[in-house]
Amino acid sequence: MYNKRRRKEGLQLLDLPDNALAHVATYLSNVSRALFAISSPSVSKLTVLSSDAKLWETLDFGDIDKNLAEKLKDNDIRYILDIIDAVNNTRCIKLTGCVNIIGSGLSPLRGSIVLKQLDLSLVGQHESPIGF
């Protein structure tokens with residue numbers, strides 16, 4: 001049955017089937033894909049997040065917009081690390097610009113034997129911390 005409310009609002013991204021959203025997500029960087037998955041209330045997280053462990057070897061939050069990086073909190077990071085099984089898959093995490101991370105969101109990494117690098121820099125490489 002056609003919904004009159006839908007006609008006014010138009011098609012919403014989350015109205016698409018999970019498999020279509022998963023296909024679209026393959027064009028995103030791995031960090032953007034993870035953020036898309038945790039921000040979508042109705043999308044199957046495991047559908048959007050590929051089970052390909054190679055994809056999750058490096059998570060570089062320096063690749064996302066600085067305004068978004070500044071808004072991320074420990075709960076966001078924890079959720080991403082949990083659903084990608086970072087303790088077994090992730091070798092390098094760069095939280096560049098994630099100024100609201102205090103560390104509790106990194107608890108899913110406890111006991112990891114694959115993690116080699118954890119970068120908690122507040123500014124990107126070759127950037128001034130003063131903002132000039």
# chains A, B, ... in the order shown; residues from 1 in each chain; ligands from 1
$ residues_around --residues "region 106-109 of chain A" --least-positions-apart "4" --cutoff "9 Å" --atoms "only C-alpha atoms" --output "MDAnalysis selection string"
chainID A and resid 74 77:79 81:82 85:88 90 101:102 115
$ write_last_selection --atoms "N, CA and C atoms" --output "PDB file, in the first residue's frame"
ATOM      1  N   ASP A  74      34.496   7.866  22.705  1.00  0.00           N
ATOM      2  CA  ASP A  74      34.963   6.513  23.005  1.00  0.00           C
ATOM      3  C   ASP A  74      33.929   5.443  22.672  1.00  0.00           C
ATOM      4  N   ILE A  77      34.113   4.621  18.937  1.00  0.00           N
ATOM      5  CA  ILE A  77      35.317   3.835  18.620  1.00  0.00           C
ATOM      6  C   ILE A  77      35.160   2.409  19.133  1.00  0.00           C
ATOM      7  N   ARG A  78      34.666   2.265  20.361  1.00  0.00           N
ATOM      8  CA  ARG A  78      34.471   0.921  20.936  1.00  0.00           C
ATOM      9  C   ARG A  78      33.533   0.087  20.071  1.00  0.00           C
ATOM     10  N   TYR A  79      32.441   0.685  19.629  1.00  0.00           N
ATOM     11  CA  TYR A  79      31.457  -0.026  18.821  1.00  0.00           C
ATOM     12  C   TYR A  79      32.074  -0.494  17.500  1.00  0.00           C
ATOM     13  N   LEU A  81      35.319  -0.978  16.855  1.00  0.00           N
ATOM     14  CA  LEU A  81      36.334  -2.000  17.130  1.00  0.00           C
ATOM     15  C   LEU A  81      35.699  -3.351  17.453  1.00  0.00           C
ATOM     16  N   ASP A  82      34.585  -3.317  18.144  1.00  0.00           N
ATOM     17  CA  ASP A  82      33.880  -4.572  18.470  1.00  0.00           C
ATOM     18  C   ASP A  82      33.334  -5.255  17.219  1.00  0.00           C
ATOM     19  N   ASP A  85      35.870  -6.862  14.910  1.00  0.00           N
ATOM     20  CA  ASP A  85      36.757  -7.810  15.590  1.00  0.00           C
ATOM     21  C   ASP A  85      38.204  -7.328  15.506  1.00  0.00           C
ATOM     22  N   ALA A  86      38.411  -6.073  15.900  1.00  0.00           N
ATOM     23  CA  ALA A  86      39.717  -5.428  15.793  1.00  0.00           C
ATOM     24  C   ALA A  86      40.804  -6.152  16.592  1.00  0.00           C
ATOM     25  N   VAL A  87      40.433  -6.778  17.670  1.00  0.00           N
ATOM     26  CA  VAL A  87      41.437  -7.471  18.481  1.00  0.00           C
ATOM     27  C   VAL A  87      42.165  -8.543  17.667  1.00  0.00           C
ATOM     28  N   ASN A  88      41.491  -9.101  16.664  1.00  0.00           N
ATOM     29  CA  ASN A  88      42.095 -10.137  15.827  1.00  0.00           C
ATOM     30  C   ASN A  88      42.472  -9.663  14.424  1.00  0.00           C
ATOM     31  N   THR A  90      43.048  -5.926  13.392  1.00  0.00           N
ATOM     32  CA  THR A  90      43.603  -4.596  13.173  1.00  0.00           C
ATOM     33  C   THR A  90      45.048  -4.492  13.634  1.00  0.00           C
ATOM     34  N   ILE A 101      38.573  11.398  22.389  1.00  0.00           N
ATOM     35  CA  ILE A 101      38.879  10.022  22.792  1.00  0.00           C
ATOM     36  C   ILE A 101      39.763  10.074  24.033  1.00  0.00           C
ATOM     37  N   ILE A 102      39.283   9.476  25.114  1.00  0.00           N
ATOM     38  CA  ILE A 102      40.097   9.470  26.333  1.00  0.00           C
ATOM     39  C   ILE A 102      40.744   8.106  26.581  1.00  0.00           C
ATOM     40  N   LEU A 115      48.011  -6.015  16.920  1.00  0.00           N
ATOM     41  CA  LEU A 115      48.157  -4.564  16.892  1.00  0.00           C
ATOM     42  C   LEU A 115      49.641  -4.184  16.966  1.00  0.00           C
TER      43      LEU A 115
END
$ residues_around --residues "Ala69 (chain A)" --least-positions-apart "3" --cutoff "12 Å" --atoms "only C-alpha atoms" --output "list in words"
Val31, Ser32, Leu35, Asp60, Phe61, Gly62, Asp63, Ile64, Asp65, Lys66, Leu72, Lys73, Asp74, Asp76, Ile77, Lys94, Leu95, Thr96, Gly97, Cys98, Val99, Asn100, Ile101, Ser121, Leu122, Val123 and Gly124 of chain A
$ write_last_selection --atoms "N, CA and C atoms" --output "PDB file, in the first residue's frame"
ATOM      1  N   VAL A  31      37.096   3.317   7.169  1.00  0.00           N
ATOM      2  CA  VAL A  31      36.614   4.093   8.307  1.00  0.00           C
ATOM      3  C   VAL A  31      35.235   4.678   8.006  1.00  0.00           C
ATOM      4  N   SER A  32      35.052   5.207   6.812  1.00  0.00           N
ATOM      5  CA  SER A  32      33.742   5.755   6.431  1.00  0.00           C
ATOM      6  C   SER A  32      32.683   4.658   6.419  1.00  0.00           C
ATOM      7  N   LEU A  35      31.758   3.973  10.044  1.00  0.00           N
ATOM      8  CA  LEU A  35      30.924   5.052  10.565  1.00  0.00           C
ATOM      9  C   LEU A  35      29.515   4.991   9.983  1.00  0.00           C
ATOM     10  N   ASP A  60      42.296   4.367   9.683  1.00  0.00           N
ATOM     11  CA  ASP A  60      42.894   5.701   9.713  1.00  0.00           C
ATOM     12  C   ASP A  60      41.788   6.754   9.781  1.00  0.00           C
ATOM     13  N   PHE A  61      41.525   7.230  10.984  1.00  0.00           N
ATOM     14  CA  PHE A  61      40.495   8.238  11.176  1.00  0.00           C
ATOM     15  C   PHE A  61      40.958   9.611  10.707  1.00  0.00           C
ATOM     16  N   GLY A  62      42.207   9.750  10.332  1.00  0.00           N
ATOM     17  CA  GLY A  62      42.707  10.981   9.746  1.00  0.00           C
ATOM     18  C   GLY A  62      42.169  11.196   8.342  1.00  0.00           C
ATOM     19  N   ASP A  63      41.578  10.154   7.757  1.00  0.00           N
ATOM     20  CA  ASP A  63      41.015  10.240   6.410  1.00  0.00           C
ATOM     21  C   ASP A  63      39.626  10.874   6.384  1.00  0.00           C
ATOM     22  N   ILE A  64      39.013  11.029   7.541  1.00  0.00           N
ATOM     23  CA  ILE A  64      37.669  11.605   7.561  1.00  0.00           C
ATOM     24  C   ILE A  64      37.743  13.099   7.850  1.00  0.00           C
ATOM     25  N   ASP A  65      36.651  13.798   7.605  1.00  0.00           N
ATOM     26  CA  ASP A  65      36.574  15.231   7.842  1.00  0.00           C
ATOM     27  C   ASP A  65      36.908  15.548   9.305  1.00  0.00           C
ATOM     28  N   LYS A  66      37.673  16.605   9.513  1.00  0.00           N
ATOM     29  CA  LYS A  66      38.097  16.965  10.872  1.00  0.00           C
ATOM     30  C   LYS A  66      36.917  17.238  11.795  1.00  0.00           C
ATOM     31  N   LEU A  72      33.697  12.340  17.360  1.00  0.00           N
ATOM     32  CA  LEU A  72      33.720  10.931  17.770  1.00  0.00           C
ATOM     33  C   LEU A  72      34.093  10.802  19.234  1.00  0.00           C
ATOM     34  N   LYS A  73      33.428   9.896  19.905  1.00  0.00           N
ATOM     35  CA  LYS A  73      33.690   9.651  21.324  1.00  0.00           C
ATOM     36  C   LYS A  73      34.093   8.190  21.507  1.00  0.00           C
ATOM     37  N   ASP A  74      34.496   7.866  22.705  1.00  0.00           N
ATOM     38  CA  ASP A  74      34.963   6.513  23.005  1.00  0.00           C
ATOM     39  C   ASP A  74      33.929   5.443  22.672  1.00  0.00           C
ATOM     40  N   ASP A  76      31.766   5.433  20.259  1.00  0.00           N
ATOM     41  CA  ASP A  76      31.779   5.223  18.810  1.00  0.00           C
ATOM     42  C   ASP A  76      32.937   4.321  18.415  1.00  0.00           C
ATOM     43  N   ILE A  77      34.113   4.621  18.937  1.00  0.00           N
ATOM     44  CA  ILE A  77      35.317   3.835  18.620  1.00  0.00           C
ATOM     45  C   ILE A  77      35.160   2.409  19.133  1.00  0.00           C
ATOM     46  N   LYS A  94      44.926   4.778  13.590  1.00  0.00           N
ATOM     47  CA  LYS A  94      45.331   6.176  13.661  1.00  0.00           C
ATOM     48  C   LYS A  94      44.106   6.995  14.017  1.00  0.00           C
ATOM     49  N   LEU A  95      44.108   7.550  15.204  1.00  0.00           N
ATOM     50  CA  LEU A  95      42.980   8.338  15.691  1.00  0.00           C
ATOM     51  C   LEU A  95      43.265   9.832  15.558  1.00  0.00           C
ATOM     52  N   THR A  96      43.953  10.205  14.510  1.00  0.00           N
ATOM     53  CA  THR A  96      44.331  11.582  14.260  1.00  0.00           C
ATOM     54  C   THR A  96      43.108  12.494  14.269  1.00  0.00           C
ATOM     55  N   GLY A  97      43.162  13.517  15.115  1.00  0.00           N
ATOM     56  CA  GLY A  97      42.081  14.490  15.178  1.00  0.00           C
ATOM     57  C   GLY A  97      40.900  14.086  16.035  1.00  0.00           C
ATOM     58  N   CYS A  98      40.918  12.898  16.580  1.00  0.00           N
ATOM     59  CA  CYS A  98      39.825  12.441  17.440  1.00  0.00           C
ATOM     60  C   CYS A  98      40.087  12.953  18.863  1.00  0.00           C
ATOM     61  N   VAL A  99      39.791  14.223  19.085  1.00  0.00           N
ATOM     62  CA  VAL A  99      40.170  14.902  20.325  1.00  0.00           C
ATOM     63  C   VAL A  99      39.320  14.506  21.532  1.00  0.00           C
ATOM     64  N   ASN A 100      38.190  13.857  21.305  1.00  0.00           N
ATOM     65  CA  ASN A 100      37.320  13.464  22.414  1.00  0.00           C
ATOM     66  C   ASN A 100      37.528  12.022  22.862  1.00  0.00           C
ATOM     67  N   ILE A 101      38.573  11.398  22.389  1.00  0.00           N
ATOM     68  CA  ILE A 101      38.879  10.022  22.792  1.00  0.00           C
ATOM     69  C   ILE A 101      39.763  10.074  24.033  1.00  0.00           C
ATOM     70  N   SER A 121      47.643  10.932  17.790  1.00  0.00           N
ATOM     71  CA  SER A 121      47.989  12.317  17.471  1.00  0.00           C
ATOM     72  C   SER A 121      46.739  13.178  17.376  1.00  0.00           C
ATOM     73  N   LEU A 122      46.856  14.397  17.880  1.00  0.00           N
ATOM     74  CA  LEU A 122      45.738  15.323  17.797  1.00  0.00           C
ATOM     75  C   LEU A 122      45.713  16.057  16.463  1.00  0.00           C
ATOM     76  N   VAL A 123      46.853  16.118  15.790  1.00  0.00           N
ATOM     77  CA  VAL A 123      46.933  16.757  14.466  1.00  0.00           C
ATOM     78  C   VAL A 123      47.570  15.786  13.495  1.00  0.00           C
ATOM     79  N   GLY A 124      47.306  15.994  12.216  1.00  0.00           N
ATOM     80  CA  GLY A 124      47.854  15.141  11.177  1.00  0.00           C
ATOM     81  C   GLY A 124      49.331  15.400  10.940  1.00  0.00           C
TER      82      GLY A 124
END
$ atom_distance --atom1 "CA of Cys92 (chain A)" --atom2 "CA of Tyr27 (chain A)"
21.1 Å
$ closest_residue --among "A:Ser104, A:Glu70, A:Ala22, A:Ile113" --to "Phe36 (chain A)" --atoms "only C-alpha atoms"
A:Ala22
$ closest_residue --among "A:Asn89, A:Trp56, A:Leu120, A:Asn75" --to "Gly105 (chain A)" --atoms "only C-alpha atoms"
A:Asn75
$ atom_distance --atom1 "CA of Leu59 (chain A)" --atom2 "CA of Ile93 (chain A)"
4.8 Å
$ select_by_dssp --residues "region 13-112 of chain A" --states "strand (DSSP E)" --output "mmCIF file with all heavy atoms, in the first residue's frame"
data_model
loop_
_atom_site.group_PDB
_atom_site.id
_atom_site.type_symbol
_atom_site.label_atom_id
_atom_site.label_comp_id
_atom_site.auth_asym_id
_atom_site.auth_seq_id
_atom_site.Cartn_x
_atom_site.Cartn_y
_atom_site.Cartn_z
ATOM 1 N N THR A 58 44.122 -1.709 8.811
ATOM 2 C CA THR A 58 44.432 -0.322 9.156
ATOM 3 C C THR A 58 43.147 0.485 9.237
ATOM 4 O O THR A 58 42.330 0.452 8.325
ATOM 5 C CB THR A 58 45.360 0.320 8.103
ATOM 6 O OG1 THR A 58 46.577 -0.425 8.057
ATOM 7 C CG2 THR A 58 45.670 1.763 8.446
ATOM 8 N N LEU A 59 42.990 1.188 10.341
ATOM 9 C CA LEU A 59 41.885 2.132 10.500
ATOM 10 C C LEU A 59 42.506 3.510 10.652
ATOM 11 O O LEU A 59 43.180 3.785 11.637
ATOM 12 C CB LEU A 59 41.066 1.823 11.754
ATOM 13 C CG LEU A 59 40.118 0.655 11.711
ATOM 14 C CD1 LEU A 59 39.464 0.472 13.075
ATOM 15 C CD2 LEU A 59 39.066 0.848 10.656
ATOM 16 N N ASP A 60 42.296 4.367 9.683
ATOM 17 C CA ASP A 60 42.894 5.701 9.713
ATOM 18 C C ASP A 60 41.788 6.754 9.781
ATOM 19 O O ASP A 60 41.203 7.111 8.767
ATOM 20 C CB ASP A 60 43.771 5.911 8.480
ATOM 21 C CG ASP A 60 44.581 7.186 8.546
ATOM 22 O OD1 ASP A 60 44.358 8.010 9.470
ATOM 23 O OD2 ASP A 60 45.452 7.372 7.678
ATOM 24 N N CYS A 92 46.963 -1.529 12.703
ATOM 25 C CA CYS A 92 47.298 -0.115 12.846
ATOM 26 C C CYS A 92 46.025 0.707 13.005
ATOM 27 O O CYS A 92 45.111 0.574 12.203
ATOM 28 C CB CYS A 92 48.082 0.354 11.612
ATOM 29 S SG CYS A 92 48.427 2.111 11.587
ATOM 30 N N ILE A 93 45.992 1.543 14.038
ATOM 31 C CA ILE A 93 44.877 2.457 14.248
ATOM 32 C C ILE A 93 45.447 3.859 14.402
ATOM 33 O O ILE A 93 46.340 4.090 15.215
ATOM 34 C CB ILE A 93 44.059 2.102 15.502
ATOM 35 C CG1 ILE A 93 43.474 0.709 15.367
ATOM 36 C CG2 ILE A 93 42.964 3.133 15.753
ATOM 37 C CD1 ILE A 93 42.737 0.243 16.587
ATOM 38 N N LYS A 94 44.926 4.778 13.590
ATOM 39 C CA LYS A 94 45.331 6.176 13.661
ATOM 40 C C LYS A 94 44.106 6.995 14.017
ATOM 41 O O LYS A 94 43.166 7.096 13.232
ATOM 42 C CB LYS A 94 45.913 6.633 12.326
ATOM 43 C CG LYS A 94 47.170 5.885 11.949
ATOM 44 C CD LYS A 94 47.703 6.331 10.611
ATOM 45 C CE LYS A 94 48.948 5.534 10.248
ATOM 46 N NZ LYS A 94 49.490 5.951 8.947
#
$ atom_distance --atom1 "CA of Lys116 (chain A)" --atom2 "CA of Lys54 (chain A)"
14.7 Å
$ closest_residue --among "A:Ile83, A:Leu68, A:Gly111, A:Leu21" --to "Ile38 (chain A)" --atoms "only C-alpha atoms"
A:Ile83
